[in-house]
Each structure stands twice: as structure tokens, then as C-alpha cells.
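A.B. asks: Sending over a structure as C-alpha cells; questions will come in a sec.
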Amino acid sequence: MTEPLSAFTALLLGLLGSAHCLGMCGGISSAVAMGIDRKNQRPVLLLLGFNVGRIASYTLAGALLGSIGWLIRSPEVSLFLRSLAGVILIFMGLYVAQIWKALAYLEKQGNRLWRHIQPLSRKLLPVHNPMQALALGALWGWLPCGLVYSTLIWSATASDWKTSALLMACFGLGTVPAMLATGLLASQVQALLKNRSAQTVAGLLIILFGLYTIPWRGLGLSLA
């Protein structure tokens, strides 16, 4: 997974999955914007801090999982991981398009970790300064999310931990426009992302990329 478009693809996955992000992180993003001392702080500053913290956690998770993938790297394992990543991306597309919510199971499994982190995040609300927003975003980056989990598995098929971390950082950047729009109450953008047709198109594009990701030739198959 070292093709030149990998970083762009990760960014695109974040953009296309933004509709799902509204449900998972949109509420907290709005809470960050509303819990502001507006005489001293600007909403954009705190929202940027929140998103920087969130992306930092995604990047760290990518580096950690990428390190494990590098340690066990072999042609067979690489083939399996890329095939698994493609299948999960297809599941992600079905999830974003609201056709089949199989990835909700992954999110339920992640709740075990989130139960330990959530009490810490509550202590950081309401948000009054950039460092507080940064810390909240860093914690929120570990929120159980099928979209993030599937992208993590995809990024783990990269050649090394640095590439995996870069892919997750690009993915996080792709979700920023939707998070900023939600936090700043940009109703037009929210309406577009929640539109059923927009979700379907985004989901189908992710499914197509999932099909592209699967190494059909390595599996002895061909789409042609």
C-alpha cells in the first residue's frame, strides 16, 4: 500500500466518511463551540485545538498498529491484511450509505476501552481554553468508531509505521471540514452531509475503493 495516492485516498476516506462523523463526534464538537467564554476565546481556535488532539490520537494509533504490522510482515500476511482491509472498507461503505451497519459491532467492542476514557473527557467540559480543547480531542480520538477502525486496519497494510501514521493523519484531516462545520453550526453543510443521497454516493465510492484495495490477482482472481 505504498502507491502515491495512498495519502490522498486516506484524505478522501475522511471526507467521504464525514456523514458518519457527524453522528459520532458532531455532538461533542458542538459542545466545544457552545462551552466557550466568548469574551476571551474564538470558537475556531478551540475547535482547531479539539481536532488537532483528535488527529494526534489517530496518528498515534496508526503508528502503533503499523508497528505491529511491520513486525509480522510477510507476503502472506500482507496479502491477508490487504484483503481484510478491502472487505472492511466495503463494510464501511455500506455503513456510511446506511445500507448495512455491520461495523456497529466493532464500535461495541471498543466500548470496553471507552468506558475507562469517558470519565476523563467529561471532566474537560465545558471547554474554556485551547489546551483543554486539545486534551479533549486527544481523548475523543479513542472513541469507538467503525470508520476509524476500518481505516486503521487499512493503514496497517502500509510498508512501515511512519506510513501508517501518515495515512491516519490524512484521514483525520479529511474529517476536519465536517467537524468545523458542526462546531460552528453551519447548517447548510450539516444538511448536505446528512442528505440520504449524499450518504449513498459517499458509501458507494468507499465500496469501489474497497474493491480496488483487494489484491484480486494475488488471490488468483480477476475483476476483468
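Chain identifiers are assigned as A, B, and so on, following the order in which chains appear in the C-alpha cells; residues are numbered from 1 within each chain, and ligands are numbered from 1 in order of appearance.
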At a cut-off of 12 Å, using only C-alpha atoms, what residues contact Leu84 of chain A? Leave out same-chain residues fewer than 3 positions from it and give the result as an mmCIF file with all heavy atoms, in the first residue's frame.
C.D. replies:
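The resulting file, around.cif, is shown below:
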```cif
data_model
loop_
_atom_site.group_PDB
_atom_site.id
_atom_site.type_symbol
_atom_site.label_atom_id
_atom_site.label_comp_id
_atom_site.auth_asym_id
_atom_site.auth_seq_id
_atom_site.Cartn_x
_atom_site.Cartn_y
_atom_site.Cartn_z
ATOM 1 N N VAL A 77 1.005 -12.555 4.989
ATOM 2 C CA VAL A 77 0.315 -11.666 5.930
ATOM 3 C C VAL A 77 -0.128 -10.392 5.228
ATOM 4 O O VAL A 77 -1.238 -9.890 5.441
ATOM 5 C CB VAL A 77 1.230 -11.339 7.134
ATOM 6 C CG1 VAL A 77 0.585 -10.258 8.007
ATOM 7 C CG2 VAL A 77 1.489 -12.583 7.958
ATOM 8 N N SER A 78 0.748 -9.841 4.370
ATOM 9 C CA SER A 78 0.408 -8.625 3.628
ATOM 10 C C SER A 78 -0.810 -8.846 2.743
ATOM 11 O O SER A 78 -1.709 -8.005 2.662
ATOM 12 C CB SER A 78 1.604 -8.184 2.781
ATOM 13 O OG SER A 78 1.295 -7.017 2.058
ATOM 14 N N LEU A 79 -0.852 -10.002 2.076
ATOM 15 C CA LEU A 79 -1.989 -10.337 1.219
ATOM 16 C C LEU A 79 -3.273 -10.441 2.033
ATOM 17 O O LEU A 79 -4.328 -9.918 1.639
ATOM 18 C CB LEU A 79 -1.716 -11.662 0.505
ATOM 19 C CG LEU A 79 -2.754 -12.116 -0.530
ATOM 20 C CD1 LEU A 79 -2.764 -11.161 -1.719
ATOM 21 C CD2 LEU A 79 -2.450 -13.540 -0.985
ATOM 22 N N PHE A 80 -3.165 -11.088 3.195
ATOM 23 C CA PHE A 80 -4.333 -11.243 4.059
ATOM 24 C C PHE A 80 -4.819 -9.895 4.575
ATOM 25 O O PHE A 80 -6.023 -9.598 4.538
ATOM 26 C CB PHE A 80 -3.996 -12.162 5.236
ATOM 27 C CG PHE A 80 -5.060 -12.188 6.300
ATOM 28 C CD1 PHE A 80 -6.240 -12.890 6.115
ATOM 29 C CD2 PHE A 80 -4.891 -11.477 7.490
ATOM 30 C CE1 PHE A 80 -7.228 -12.911 7.081
ATOM 31 C CE2 PHE A 80 -5.873 -11.484 8.459
ATOM 32 C CZ PHE A 80 -7.045 -12.202 8.261
ATOM 33 N N LEU A 81 -3.885 -9.051 5.051
ATOM 34 C CA LEU A 81 -4.261 -7.758 5.615
ATOM 35 C C LEU A 81 -4.892 -6.851 4.567
ATOM 36 O O LEU A 81 -5.866 -6.158 4.844
ATOM 37 C CB LEU A 81 -3.040 -7.069 6.237
ATOM 38 C CG LEU A 81 -2.525 -7.654 7.549
ATOM 39 C CD1 LEU A 81 -1.280 -6.902 8.008
ATOM 40 C CD2 LEU A 81 -3.598 -7.576 8.626
ATOM 41 N N VAL A 87 -12.199 -5.674 2.394
ATOM 42 C CA VAL A 87 -13.514 -6.139 2.837
ATOM 43 C C VAL A 87 -14.112 -5.166 3.849
ATOM 44 O O VAL A 87 -15.304 -4.810 3.777
ATOM 45 C CB VAL A 87 -13.418 -7.551 3.444
ATOM 46 C CG1 VAL A 87 -14.731 -7.943 4.116
ATOM 47 C CG2 VAL A 87 -13.054 -8.565 2.369
ATOM 48 N N ILE A 88 -13.273 -4.715 4.789
ATOM 49 C CA ILE A 88 -13.782 -3.796 5.814
ATOM 50 C C ILE A 88 -14.130 -2.441 5.206
ATOM 51 O O ILE A 88 -15.081 -1.786 5.645
ATOM 52 C CB ILE A 88 -12.755 -3.653 6.954
ATOM 53 C CG1 ILE A 88 -12.675 -4.972 7.721
ATOM 54 C CG2 ILE A 88 -13.128 -2.515 7.884
ATOM 55 C CD1 ILE A 88 -11.764 -4.946 8.921
ATOM 56 N N LEU A 89 -13.381 -2.010 4.187
ATOM 57 C CA LEU A 89 -13.744 -0.771 3.503
ATOM 58 C C LEU A 89 -15.099 -0.909 2.815
ATOM 59 O O LEU A 89 -15.886 0.040 2.784
ATOM 60 C CB LEU A 89 -12.662 -0.399 2.488
ATOM 61 C CG LEU A 89 -11.369 0.177 3.069
ATOM 62 C CD1 LEU A 89 -10.314 0.314 1.983
ATOM 63 C CD2 LEU A 89 -11.620 1.523 3.733
ATOM 64 N N ILE A 90 -15.378 -2.081 2.285
ATOM 65 C CA ILE A 90 -16.699 -2.325 1.693
ATOM 66 C C ILE A 90 -17.769 -2.242 2.777
ATOM 67 O O ILE A 90 -18.824 -1.630 2.581
ATOM 68 C CB ILE A 90 -16.732 -3.701 1.003
ATOM 69 C CG1 ILE A 90 -15.811 -3.690 -0.220
ATOM 70 C CG2 ILE A 90 -18.160 -4.060 0.584
ATOM 71 C CD1 ILE A 90 -15.626 -5.046 -0.865
ATOM 72 N N PHE A 91 -17.488 -2.839 3.940
ATOM 73 C CA PHE A 91 -18.416 -2.738 5.065
ATOM 74 C C PHE A 91 -18.607 -1.277 5.466
ATOM 75 O O PHE A 91 -19.710 -0.850 5.800
ATOM 76 C CB PHE A 91 -17.890 -3.529 6.260
ATOM 77 C CG PHE A 91 -18.022 -5.029 6.109
ATOM 78 C CD1 PHE A 91 -17.451 -5.879 7.033
ATOM 79 C CD2 PHE A 91 -18.721 -5.581 5.055
ATOM 80 C CE1 PHE A 91 -17.572 -7.257 6.909
ATOM 81 C CE2 PHE A 91 -18.854 -6.957 4.911
ATOM 82 C CZ PHE A 91 -18.277 -7.797 5.842
ATOM 83 N N SER A 150 -11.812 0.643 10.679
ATOM 84 C CA SER A 150 -11.587 0.092 9.345
ATOM 85 C C SER A 150 -10.431 0.801 8.648
ATOM 86 O O SER A 150 -9.623 0.164 7.952
ATOM 87 C CB SER A 150 -12.860 0.190 8.504
ATOM 88 O OG SER A 150 -13.333 1.518 8.459
ATOM 89 N N THR A 151 -10.329 2.112 8.836
ATOM 90 C CA THR A 151 -9.217 2.853 8.240
ATOM 91 C C THR A 151 -7.897 2.455 8.887
ATOM 92 O O THR A 151 -6.857 2.397 8.219
ATOM 93 C CB THR A 151 -9.441 4.365 8.371
ATOM 94 O OG1 THR A 151 -10.743 4.710 7.880
ATOM 95 C CG2 THR A 151 -8.399 5.141 7.577
ATOM 96 N N LEU A 152 -7.930 2.166 10.177
ATOM 97 C CA LEU A 152 -6.731 1.713 10.882
ATOM 98 C C LEU A 152 -6.214 0.399 10.293
ATOM 99 O O LEU A 152 -5.011 0.241 10.055
ATOM 100 C CB LEU A 152 -7.042 1.520 12.367
ATOM 101 C CG LEU A 152 -6.685 2.658 13.324
ATOM 102 C CD1 LEU A 152 -7.183 2.330 14.724
ATOM 103 C CD2 LEU A 152 -5.194 2.929 13.334
ATOM 104 N N ILE A 153 -7.116 -0.527 10.071
ATOM 105 C CA ILE A 153 -6.707 -1.815 9.504
ATOM 106 C C ILE A 153 -6.152 -1.612 8.104
ATOM 107 O O ILE A 153 -5.143 -2.209 7.717
ATOM 108 C CB ILE A 153 -7.898 -2.794 9.488
ATOM 109 C CG1 ILE A 153 -8.318 -3.126 10.928
ATOM 110 C CG2 ILE A 153 -7.542 -4.072 8.737
ATOM 111 C CD1 ILE A 153 -9.575 -3.962 11.017
ATOM 112 N N TRP A 154 -6.792 -0.738 7.339
ATOM 113 C CA TRP A 154 -6.292 -0.421 6.002
ATOM 114 C C TRP A 154 -4.889 0.177 6.081
ATOM 115 O O TRP A 154 -3.983 -0.221 5.339
ATOM 116 C CB TRP A 154 -7.256 0.538 5.319
ATOM 117 C CG TRP A 154 -6.733 1.123 4.041
ATOM 118 C CD1 TRP A 154 -6.578 0.472 2.852
ATOM 119 C CD2 TRP A 154 -6.290 2.464 3.831
ATOM 120 N NE1 TRP A 154 -6.065 1.342 1.904
ATOM 121 C CE2 TRP A 154 -5.880 2.552 2.486
ATOM 122 C CE3 TRP A 154 -6.213 3.594 4.655
ATOM 123 C CZ2 TRP A 154 -5.393 3.748 1.932
ATOM 124 C CZ3 TRP A 154 -5.732 4.772 4.109
ATOM 125 C CH2 TRP A 154 -5.329 4.838 2.758
ATOM 126 N N SER A 155 -4.678 1.121 7.004
ATOM 127 C CA SER A 155 -3.371 1.780 7.120
ATOM 128 C C SER A 155 -2.285 0.812 7.584
ATOM 129 O O SER A 155 -1.107 0.995 7.277
ATOM 130 C CB SER A 155 -3.461 2.965 8.092
ATOM 131 O OG SER A 155 -3.598 2.532 9.432
ATOM 132 N N ALA A 156 -2.669 -0.230 8.327
ATOM 133 C CA ALA A 156 -1.696 -1.199 8.831
ATOM 134 C C ALA A 156 -1.071 -2.017 7.709
ATOM 135 O O ALA A 156 -0.042 -2.669 7.910
ATOM 136 C CB ALA A 156 -2.346 -2.133 9.844
ATOM 137 N N THR A 157 -1.670 -1.990 6.504
ATOM 138 C CA THR A 157 -1.101 -2.724 5.382
ATOM 139 C C THR A 157 0.014 -1.933 4.696
ATOM 140 O O THR A 157 0.580 -2.396 3.699
ATOM 141 C CB THR A 157 -2.186 -3.064 4.348
ATOM 142 O OG1 THR A 157 -2.715 -1.842 3.793
ATOM 143 C CG2 THR A 157 -3.321 -3.849 4.983
ATOM 144 N N GLY A 210 -12.838 -0.050 -1.784
ATOM 145 C CA GLY A 210 -12.623 -1.333 -1.115
ATOM 146 C C GLY A 210 -12.377 -2.438 -2.126
ATOM 147 O O GLY A 210 -11.484 -3.275 -1.949
ATOM 148 N N LEU A 211 -13.153 -2.448 -3.209
ATOM 149 C CA LEU A 211 -12.964 -3.437 -4.271
ATOM 150 C C LEU A 211 -11.604 -3.283 -4.931
ATOM 151 O O LEU A 211 -10.940 -4.270 -5.287
ATOM 152 C CB LEU A 211 -14.078 -3.298 -5.316
ATOM 153 C CG LEU A 211 -15.489 -3.695 -4.854
ATOM 154 C CD1 LEU A 211 -16.520 -3.302 -5.899
ATOM 155 C CD2 LEU A 211 -15.557 -5.189 -4.562
ATOM 156 N N THR A 213 -8.956 -2.083 -3.435
ATOM 157 C CA THR A 213 -7.920 -2.420 -2.455
ATOM 158 C C THR A 213 -7.626 -3.916 -2.412
ATOM 159 O O THR A 213 -6.484 -4.336 -2.219
ATOM 160 C CB THR A 213 -8.359 -1.943 -1.052
ATOM 161 O OG1 THR A 213 -8.512 -0.514 -1.071
ATOM 162 C CG2 THR A 213 -7.325 -2.309 0.009
ATOM 163 N N ILE A 214 -8.649 -4.738 -2.595
ATOM 164 C CA ILE A 214 -8.455 -6.195 -2.527
ATOM 165 C C ILE A 214 -7.511 -6.648 -3.645
ATOM 166 O O ILE A 214 -7.740 -6.339 -4.816
ATOM 167 C CB ILE A 214 -9.808 -6.925 -2.659
ATOM 168 C CG1 ILE A 214 -10.720 -6.571 -1.469
ATOM 169 C CG2 ILE A 214 -9.598 -8.439 -2.722
ATOM 170 C CD1 ILE A 214 -12.125 -7.120 -1.581
ATOM 171 N N PRO A 215 -6.433 -7.361 -3.311
ATOM 172 C CA PRO A 215 -5.465 -7.834 -4.318
ATOM 173 C C PRO A 215 -5.992 -9.053 -5.074
ATOM 174 O O PRO A 215 -5.592 -10.188 -4.817
ATOM 175 C CB PRO A 215 -4.235 -8.179 -3.474
ATOM 176 C CG PRO A 215 -4.812 -8.611 -2.166
ATOM 177 C CD PRO A 215 -6.029 -7.736 -1.949
#
```
A.B. asks: Which of these, A:Ser18, A:Ser83, A:Gln132, A:Ser6, has the shortest distance to Leu48 of chain A once you count only C-alpha atoms?
C.D. replies: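 Among A:Ser18, A:Ser83, A:Gln132, A:Ser6, it is A:Gln132 that comes nearest to Leu48 of chain A.
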A.B. asks: Just give me the gap between atom CA of Leu167 of chain A and atom CA of Leu15 of chain A in Å, one decimal is fine.
C.D. replies: 13.4 Å
A.B. asks: Give me, as a Markdown table, the closest atom pair and its distance (Å, one decimal) for every residue of segment 137-214 of chain A within a cut-off of 6 Å of segment 62-67 of chain A, counting only C-alpha atoms, rows sorted by chain and rising number.
C.D. replies:
```
| residue | atom | partner | partner_atom | distance |
| --- | --- | --- | --- | --- |
| A:Ala156 | CA | A:Gly66 | CA | 4.6 |
| A:Trp161 | CA | A:Gly66 | CA | 4.2 |
| A:Ser164 | CA | A:Gly62 | CA | 5.0 |
| A:Ala165 | CA | A:Gly62 | CA | 4.4 |
| A:Met168 | CA | A:Gly62 | CA | 5.7 |
```
A.B. asks: Considering only C-alpha atoms, return as a ChimeraX atom specification whatever protein or nucleic-acid residues lie within 8 Å of Leu166 of chain A, sequence-local ones (same chain, fewer than 3 positions apart) excluded.
C.D. replies: /A:7,59,62,162-163,169-170
A.B. asks: For the residues selected in the previous step, produce a file with C-alpha atoms as a PDB file, in the first residue's frame.
C.D. replies:
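So result36.pdb came out as:
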```
ATOM      1  CA  ALA A   7      -2.279   9.776   1.382  1.00  0.00           C
ATOM      2  CA  THR A  59      -1.851   9.253  14.115  1.00  0.00           C
ATOM      3  CA  GLY A  62      -1.756   4.325  13.151  1.00  0.00           C
ATOM      4  CA  LYS A 162       5.542   6.022   9.578  1.00  0.00           C
ATOM      5  CA  THR A 163       3.358   5.474   6.522  1.00  0.00           C
ATOM      6  CA  ALA A 169      -3.224  11.743   9.955  1.00  0.00           C
ATOM      7  CA  CYS A 170      -4.524  12.362   6.426  1.00  0.00           C
TER       8      CYS A 170
END
```
A.B. asks: If you count only C-alpha atoms, which residues fall within 9 Å of Gly174 of chain A, apart from same-chain ones fewer than 6 positions away, as a PyMOL selection string?
C.D. replies: chain A and resi 10-18
A.B. asks: From the set A:Thr9, A:Gln98, A:Gln118, A:Ser57, which residue has the shortest atom-to-atom contact distance to Leu134 of chain A, counting only C-alpha atoms?
C.D. replies: A:Ser57
A.B. asks: To one decimal in Å, tell me the separation between atom CA of Gln199 of chain A and atom CA of Met179 of chain A.
C.D. replies: 16.2 Å
A.B. asks: Between A:Leu45, A:Cys145, A:Leu60, A:Ile55, which residue has the minimum interatomic distance to Phe171 of chain A, considering only C-alpha atoms?
C.D. replies: A:Ile55
